[in-house]
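Worksheet for the structure shown next.
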Amino acid sequence: MERRTRMYRGAVGLLLAGGVLLTGCSGGSARDTSASENGRRAPAPAPAATGGAAEDGAKESGAEKDADGLKESAPPDYLSTFALDVDTASYGYARRTLADGSLPSPETVRPEEFVNSFRQGYHRPDGNGFTVSVDGARAGGEAGDWSLVRVGLATKAAPSSAERPPAALTFVVDISGSMASSDRLGLVKTSLGILTDELRDDDSVSLVTFSDEARTVLPMTRLRDHRGRIHDAVDSMEATDSTNVEAGVRRGYEEAVDGHRKGANNRVVLLSDALANTGATDADAILERIGSARREYGITLFGVGVGSDYGDALMERLTNKGDGHTTYIADEEQARKVFVDQLPAHVELTARDAKAQVAFDPKTVEKFKLIGYEDRKVADDDFRNDSVDGGEIGPGHTVTALYAVRLREGASGHVATATVRWLDPKSRAAHEKTGSVETGEIDGKLWGGDSTRLQVAAVAAYFADNLRGGGLPGAPSLTELASRAKELANLTEDDSVEKLATAIGRADQLKGGHEDTGTRTGEGEMD
């Protein structure tokens, strides 16, 4: 049965100021339950008894009449529901664009992918599913009455290469004319060469190429005694003609079905600049043609983007609808990170159709907003409807949600309850786990506080928000963010944070120090 398109049924209330952000994390006190609803609709999770139900709290705030007195606006909404997402391509592409001397287009900036690009250090579960932690800190500065609340979800640690199940991977490679450069097809060939050497003897690969048409270069082949043959097939690829992504994806899934291995991780890996100009160029139309392969065989799609001119929107939509995720690589170092260090996380699944719902307590929370995940929002009523698409998550992943939250004056007690729901990848049984946070747990200072990883997440979030126009309350300038990132890089000894500081510094130079801030008012969830 075809999954229903994700919808967001937000309140039609007043626009509200400030911002909220999702990113990856986990740990903390939580409750794990096997969901008895198993696909049926059920009431959304309510805050703890100290705050009352989110729905009731919203009603207490009261609906407001319009000036003409003829109709009422909806009451404030204190629920935030979204499908989990572990994409990181937006941040990778932004870094590449800034290194080339340009600011990224605002529509390509997804703050959650900036935050998901950094380690959070959360406690992980032993088995499939998630740990949940909720914490936060006061933003400080001009936003002293705002807090950043972090909702963290983490899966179990990724297994070693020797411990993971075998993989059956179908590589779908764009060899169109736009790929004819060393940082595109050249980088793809290097990446696949690295991966061929990394895979085990009991893994299998097939290779499909596409330009104006698609063809199978190599049928599904076990690595044992065939690495030379696979290397030869990869080395034979040359760029030509136009870009028919539809033909490539369709042929790729046909090969994946033909070579499907029971008990293995079956995945299609699309490597492309995603600049489709022939055949179907819409993600929904492309995926409609291979829908049965995705549903019946559970074959997921992993997108790897390359190139300075990159079809970000198409690749992101393809992988979201194709039950997968996407990343972006600009050089061999990043290719090794994806295809060696992170390989199990990209090919194995520990949770299907994972969604999160955060219920804020209207008795303590005045307003909040989720920054990012706009295309992953889910109707609040669909949180426990398992026919509505969620996110597919592998081992070793973290998903963080940062919310900018303004508490009511004198507020004390329960702030929010976060619930994650997922399906077991084999049995499809539904499970849930929850975590909550109190006012005293988000009262410490952010900058210079105890959690350096929370500060890194905040820097990444503020940076992304700035690149797409700003609006988070109390957001530091790019100059200050670069300085904080450098300090955090020294404290964490994390090279990725140093690279973040470099990217922020380049953006600051390109923007010439111009900052744009704005304030909106109201209650509940902010648009």
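Each chain of the structure tokens is named A, B, ... in the order shown, its residues numbered from 1; ligands are numbered from 1 in display order.
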Contact table segment 188-267 of chain A vs segment 406-430 of chain A, cut-off 12 Å, shortest pair per residue, only C-alpha atoms, as CSV:
```
residue,atom,partner,partner_atom,distance
A:Lys262,CA,A:Lys426,CA,11.5
A:Gly263,CA,A:Lys426,CA,9.8
A:Ala264,CA,A:Lys426,CA,11.7
A:Asn265,CA,A:Pro425,CA,10.9
```
Write out, as an mmCIF file, in the first residue's frame, the residues just selected, with all heavy atoms.
```cif
data_model
loop_
_atom_site.group_PDB
_atom_site.id
_atom_site.type_symbol
_atom_site.label_atom_id
_atom_site.label_comp_id
_atom_site.auth_asym_id
_atom_site.auth_seq_id
_atom_site.Cartn_x
_atom_site.Cartn_y
_atom_site.Cartn_z
ATOM 1 N N LYS A 262 18.649 -12.479 0.405
ATOM 2 C CA LYS A 262 17.951 -12.576 1.671
ATOM 3 C C LYS A 262 18.966 -12.568 2.808
ATOM 4 O O LYS A 262 19.994 -13.246 2.746
ATOM 5 C CB LYS A 262 17.129 -13.862 1.724
ATOM 6 C CG LYS A 262 16.218 -13.951 2.947
ATOM 7 C CD LYS A 262 15.333 -15.181 2.878
ATOM 8 C CE LYS A 262 14.403 -15.245 4.083
ATOM 9 N NZ LYS A 262 13.511 -16.445 4.025
ATOM 10 N N GLY A 263 18.691 -11.783 3.836
ATOM 11 C CA GLY A 263 19.592 -11.688 4.974
ATOM 12 C C GLY A 263 20.710 -10.690 4.803
ATOM 13 O O GLY A 263 21.486 -10.462 5.735
ATOM 14 N N ALA A 264 20.813 -10.084 3.630
ATOM 15 C CA ALA A 264 21.854 -9.085 3.376
ATOM 16 C C ALA A 264 21.249 -7.684 3.422
ATOM 17 O O ALA A 264 20.022 -7.515 3.370
ATOM 18 C CB ALA A 264 22.514 -9.330 2.023
ATOM 19 N N ASN A 265 22.101 -6.671 3.514
ATOM 20 C CA ASN A 265 21.658 -5.279 3.401
ATOM 21 C C ASN A 265 21.628 -4.912 1.922
ATOM 22 O O ASN A 265 22.672 -4.742 1.298
ATOM 23 C CB ASN A 265 22.614 -4.350 4.152
ATOM 24 C CG ASN A 265 22.561 -4.560 5.652
ATOM 25 O OD1 ASN A 265 21.484 -4.634 6.225
ATOM 26 N ND2 ASN A 265 23.722 -4.675 6.278
#
```
Inset, instruction - From a DSSP pass on the backbone, collect the residues of segment 120-296 of chain A flagged as strand (DSSP E) and hand them back as a ChimeraX atom specification. - result: /A:131-140,143-154,167-174,204-210,214-222,265-272
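For the atom pair formed by atom CA of Val173 of chain A and atom CA of Asp312 of chain A, the distance is 16.3 Å, given to one decimal.
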Inset, instruction - Figure out the distance between atom CA of Ser451 of chain A and atom CA of Val149 of chain A, please, to one decimal in Å. - result: 12.6 Å
For segment 316-330 of chain A, list every protein, DNA or RNA residue within 7 Å, evaluated using only C-alpha atoms, and leave out those in the same chain fewer than 2 positions away; present the list as a PDB file with N, CA and C atoms, in the first residue's frame.
```
ATOM      1  N   VAL A  86      18.887  11.742   8.676  1.00  0.00           N
ATOM      2  CA  VAL A  86      20.320  11.767   8.985  1.00  0.00           C
ATOM      3  C   VAL A  86      21.143  12.300   7.814  1.00  0.00           C
ATOM      4  N   ASP A  87      20.500  13.011   6.888  1.00  0.00           N
ATOM      5  CA  ASP A  87      21.225  13.604   5.768  1.00  0.00           C
ATOM      6  C   ASP A  87      22.271  14.610   6.275  1.00  0.00           C
ATOM      7  N   THR A  88      23.356  14.729   5.531  1.00  0.00           N
ATOM      8  CA  THR A  88      24.381  15.736   5.834  1.00  0.00           C
ATOM      9  C   THR A  88      24.814  16.501   4.586  1.00  0.00           C
ATOM     10  N   ALA A  89      24.157  16.241   3.445  1.00  0.00           N
ATOM     11  CA  ALA A  89      24.610  16.812   2.176  1.00  0.00           C
ATOM     12  C   ALA A  89      24.582  18.333   2.167  1.00  0.00           C
ATOM     13  N   GLY A  92      27.795  19.679   3.659  1.00  0.00           N
ATOM     14  CA  GLY A  92      28.934  19.388   2.797  1.00  0.00           C
ATOM     15  C   GLY A  92      28.960  20.272   1.564  1.00  0.00           C
ATOM     16  N   TYR A  93      27.791  20.469   0.964  1.00  0.00           N
ATOM     17  CA  TYR A  93      27.716  21.302  -0.235  1.00  0.00           C
ATOM     18  C   TYR A  93      27.961  22.770   0.104  1.00  0.00           C
ATOM     19  N   ARG A  96      31.639  23.296   0.394  1.00  0.00           N
ATOM     20  CA  ARG A  96      32.254  23.306  -0.942  1.00  0.00           C
ATOM     21  C   ARG A  96      32.002  24.651  -1.621  1.00  0.00           C
ATOM     22  N   ASP A 183      36.549  16.269 -10.090  1.00  0.00           N
ATOM     23  CA  ASP A 183      35.813  16.335  -8.831  1.00  0.00           C
ATOM     24  C   ASP A 183      34.408  15.753  -8.959  1.00  0.00           C
ATOM     25  N   ALA A 283      11.310  13.954  -8.719  1.00  0.00           N
ATOM     26  CA  ALA A 283      11.624  12.817  -7.850  1.00  0.00           C
ATOM     27  C   ALA A 283      10.450  11.877  -7.686  1.00  0.00           C
ATOM     28  N   LEU A 287      10.481   7.894  -8.719  1.00  0.00           N
ATOM     29  CA  LEU A 287      10.325   6.832  -7.730  1.00  0.00           C
ATOM     30  C   LEU A 287       9.037   6.041  -7.919  1.00  0.00           C
ATOM     31  N   THR A 300      16.568   0.148  -0.097  1.00  0.00           N
ATOM     32  CA  THR A 300      16.643   1.571   0.210  1.00  0.00           C
ATOM     33  C   THR A 300      17.648   2.275  -0.694  1.00  0.00           C
ATOM     34  N   LEU A 301      17.576   3.607  -0.718  1.00  0.00           N
ATOM     35  CA  LEU A 301      18.384   4.413  -1.625  1.00  0.00           C
ATOM     36  C   LEU A 301      19.333   5.308  -0.833  1.00  0.00           C
ATOM     37  N   PHE A 302      20.611   5.224  -1.153  1.00  0.00           N
ATOM     38  CA  PHE A 302      21.632   6.077  -0.546  1.00  0.00           C
ATOM     39  C   PHE A 302      22.198   6.980  -1.622  1.00  0.00           C
ATOM     40  N   GLY A 303      22.027   8.295  -1.460  1.00  0.00           N
ATOM     41  CA  GLY A 303      22.490   9.250  -2.455  1.00  0.00           C
ATOM     42  C   GLY A 303      23.813   9.882  -2.069  1.00  0.00           C
ATOM     43  N   VAL A 304      24.753   9.909  -3.013  1.00  0.00           N
ATOM     44  CA  VAL A 304      26.058  10.543  -2.801  1.00  0.00           C
ATOM     45  C   VAL A 304      26.208  11.641  -3.854  1.00  0.00           C
ATOM     46  N   GLY A 305      26.176  12.887  -3.417  1.00  0.00           N
ATOM     47  CA  GLY A 305      26.260  14.023  -4.324  1.00  0.00           C
ATOM     48  C   GLY A 305      27.686  14.470  -4.554  1.00  0.00           C
ATOM     49  N   VAL A 306      27.966  14.951  -5.778  1.00  0.00           N
ATOM     50  CA  VAL A 306      29.285  15.471  -6.132  1.00  0.00           C
ATOM     51  C   VAL A 306      29.115  16.700  -7.015  1.00  0.00           C
ATOM     52  N   ASP A 312      20.823  19.683  -5.657  1.00  0.00           N
ATOM     53  CA  ASP A 312      20.547  19.371  -4.255  1.00  0.00           C
ATOM     54  C   ASP A 312      19.090  18.979  -4.012  1.00  0.00           C
ATOM     55  N   ALA A 313      18.158  19.742  -4.569  1.00  0.00           N
ATOM     56  CA  ALA A 313      16.741  19.498  -4.293  1.00  0.00           C
ATOM     57  C   ALA A 313      16.298  18.126  -4.803  1.00  0.00           C
ATOM     58  N   LEU A 314      16.732  17.753  -6.017  1.00  0.00           N
ATOM     59  CA  LEU A 314      16.336  16.468  -6.581  1.00  0.00           C
ATOM     60  C   LEU A 314      16.921  15.315  -5.776  1.00  0.00           C
ATOM     61  N   GLN A 334      36.864  12.953   2.206  1.00  0.00           N
ATOM     62  CA  GLN A 334      35.463  12.754   2.539  1.00  0.00           C
ATOM     63  C   GLN A 334      34.950  11.427   1.993  1.00  0.00           C
ATOM     64  N   ALA A 335      35.458  11.008   0.828  1.00  0.00           N
ATOM     65  CA  ALA A 335      35.055   9.719   0.275  1.00  0.00           C
ATOM     66  C   ALA A 335      35.455   8.584   1.212  1.00  0.00           C
ATOM     67  N   GLY A 391      11.607   8.070   8.818  1.00  0.00           N
ATOM     68  CA  GLY A 391      12.988   7.991   8.366  1.00  0.00           C
ATOM     69  C   GLY A 391      13.592   6.623   8.620  1.00  0.00           C
ATOM     70  N   GLU A 392      14.490   6.206   7.728  1.00  0.00           N
ATOM     71  CA  GLU A 392      15.227   4.952   7.889  1.00  0.00           C
ATOM     72  C   GLU A 392      16.599   5.275   8.480  1.00  0.00           C
TER      73      GLU A 392
END
```
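Atom CA of Ile442 of chain A sits 18.3 Å away from atom CA of Tyr78 of chain A.
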Inset, instruction - Please return as a PyMOL selection string: the residues of segment 310-457 of chain A that backbone DSSP assigns to alpha helix (DSSP H). - result: chain A and resi 312-321+332-336+343-347+452-457
Inset, instruction - Find the residues near Leu84 of chain A: any atom within 7 Å, counting only C-alpha atoms, skip ones fewer than 2 places away on the same chain, and give them as a count of residues only. - result: 7
Inset, instruction - Would you mind telling me which residue in A:Leu467, A:Ile286, A:Leu270, A:Leu185 lies nearest to Ser236 of chain A when using only C-alpha atoms? - result: A:Leu185
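Residue nearest Ala158 of chain A, chosen from A:Leu343, A:Val456, A:Ala359, A:Ala475 and counting only C-alpha atoms: A:Leu343.
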Write out as a JSON list (two decimals) with N, CA, C and O atoms, in the first residue's frame each polymer residue whose atoms come within 12 Å of Asp202 of chain A, counting only C-alpha atoms; drop sequence neighbours fewer than 4 positions from it.
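Final output, saved to selection-v8.json:
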```json
[["chain", "number", "residue", "atom", "x", "y", "z"],
["A", 161, "SER", "N", 33.49, -3.90, 10.49],
["A", 161, "SER", "CA", 33.26, -4.45, 9.16],
["A", 161, "SER", "C", 33.05, -5.97, 9.21],
["A", 161, "SER", "O", 32.24, -6.53, 8.48],
["A", 162, "ALA", "N", 33.75, -6.63, 10.13],
["A", 162, "ALA", "CA", 33.65, -8.09, 10.22],
["A", 162, "ALA", "C", 32.33, -8.54, 10.83],
["A", 162, "ALA", "O", 31.89, -9.67, 10.60],
["A", 164, "ARG", "N", 29.20, -6.84, 10.70],
["A", 164, "ARG", "CA", 27.95, -6.44, 10.04],
["A", 164, "ARG", "C", 27.46, -7.56, 9.11],
["A", 164, "ARG", "O", 28.23, -8.40, 8.66],
["A", 165, "PRO", "N", 26.15, -7.55, 8.79],
["A", 165, "PRO", "CA", 25.63, -8.51, 7.80],
["A", 165, "PRO", "C", 26.24, -8.23, 6.43],
["A", 165, "PRO", "O", 26.71, -7.11, 6.17],
["A", 166, "PRO", "N", 26.22, -9.21, 5.53],
["A", 166, "PRO", "CA", 26.75, -8.95, 4.18],
["A", 166, "PRO", "C", 25.92, -7.89, 3.47],
["A", 166, "PRO", "O", 24.75, -7.68, 3.78],
["A", 167, "ALA", "N", 26.54, -7.22, 2.52],
["A", 167, "ALA", "CA", 25.88, -6.15, 1.76],
["A", 167, "ALA", "C", 25.73, -6.55, 0.31],
["A", 167, "ALA", "O", 26.61, -7.21, -0.27],
["A", 168, "ALA", "N", 24.60, -6.17, -0.28],
["A", 168, "ALA", "CA", 24.37, -6.32, -1.72],
["A", 168, "ALA", "C", 24.08, -4.92, -2.26],
["A", 168, "ALA", "O", 22.97, -4.40, -2.10],
["A", 169, "LEU", "N", 25.08, -4.30, -2.86],
["A", 169, "LEU", "CA", 25.01, -2.89, -3.25],
["A", 169, "LEU", "C", 24.96, -2.76, -4.77],
["A", 169, "LEU", "O", 25.78, -3.35, -5.47],
["A", 198, "GLU", "N", 37.44, -2.01, 0.39],
["A", 198, "GLU", "CA", 36.96, -2.07, 1.77],
["A", 198, "GLU", "C", 35.96, -3.21, 1.99],
["A", 198, "GLU", "O", 35.90, -3.78, 3.08],
["A", 221, "THR", "N", 27.71, -9.24, -8.38],
["A", 221, "THR", "CA", 28.91, -10.07, -8.36],
["A", 221, "THR", "C", 29.50, -10.12, -6.96],
["A", 221, "THR", "O", 29.68, -9.08, -6.32],
["A", 222, "ARG", "N", 29.79, -11.31, -6.46],
["A", 222, "ARG", "CA", 30.46, -11.45, -5.17],
["A", 222, "ARG", "C", 31.88, -10.90, -5.26],
["A", 222, "ARG", "O", 32.55, -11.06, -6.28],
["A", 223, "LEU", "N", 32.33, -10.27, -4.19],
["A", 223, "LEU", "CA", 33.67, -9.69, -4.18],
["A", 223, "LEU", "C", 34.75, -10.76, -4.23],
["A", 223, "LEU", "O", 35.82, -10.54, -4.80],
["A", 224, "ARG", "N", 34.48, -11.92, -3.64],
["A", 224, "ARG", "CA", 35.49, -12.97, -3.56],
["A", 224, "ARG", "C", 36.05, -13.30, -4.94],
["A", 224, "ARG", "O", 35.30, -13.65, -5.86],
["A", 225, "ASP", "N", 37.33, -13.16, -5.12],
["A", 225, "ASP", "CA", 38.04, -13.50, -6.36],
["A", 225, "ASP", "C", 37.64, -12.63, -7.56],
["A", 225, "ASP", "O", 38.02, -12.92, -8.69],
["A", 226, "HIS", "N", 36.86, -11.55, -7.33],
["A", 226, "HIS", "CA", 36.42, -10.73, -8.46],
["A", 226, "HIS", "C", 36.74, -9.25, -8.29],
["A", 226, "HIS", "O", 36.19, -8.42, -9.00],
["A", 227, "ARG", "N", 37.60, -8.91, -7.35],
["A", 227, "ARG", "CA", 37.89, -7.49, -7.13],
["A", 227, "ARG", "C", 38.53, -6.86, -8.38],
["A", 227, "ARG", "O", 38.22, -5.71, -8.71],
["A", 261, "ARG", "N", 19.54, -10.36, -2.12],
["A", 261, "ARG", "CA", 20.04, -11.43, -1.26],
["A", 261, "ARG", "C", 19.31, -11.40, 0.07],
["A", 261, "ARG", "O", 19.33, -10.38, 0.78],
["A", 264, "ALA", "N", 20.81, -10.08, 3.63],
["A", 264, "ALA", "CA", 21.85, -9.08, 3.38],
["A", 264, "ALA", "C", 21.25, -7.68, 3.42],
["A", 264, "ALA", "O", 20.02, -7.51, 3.37],
["A", 265, "ASN", "N", 22.10, -6.67, 3.51],
["A", 265, "ASN", "CA", 21.66, -5.28, 3.40],
["A", 265, "ASN", "C", 21.63, -4.91, 1.92],
["A", 265, "ASN", "O", 22.67, -4.74, 1.30]]
```
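The list of residues with at least one atom within 10 Å of Pro106 of chain A, based on only C-alpha atoms and without residues fewer than 4 positions apart in the same chain, reads Ala94, Arg110, Ala464, Asp465, Asn466, Leu467, Arg468 and Gly469 of chain A.
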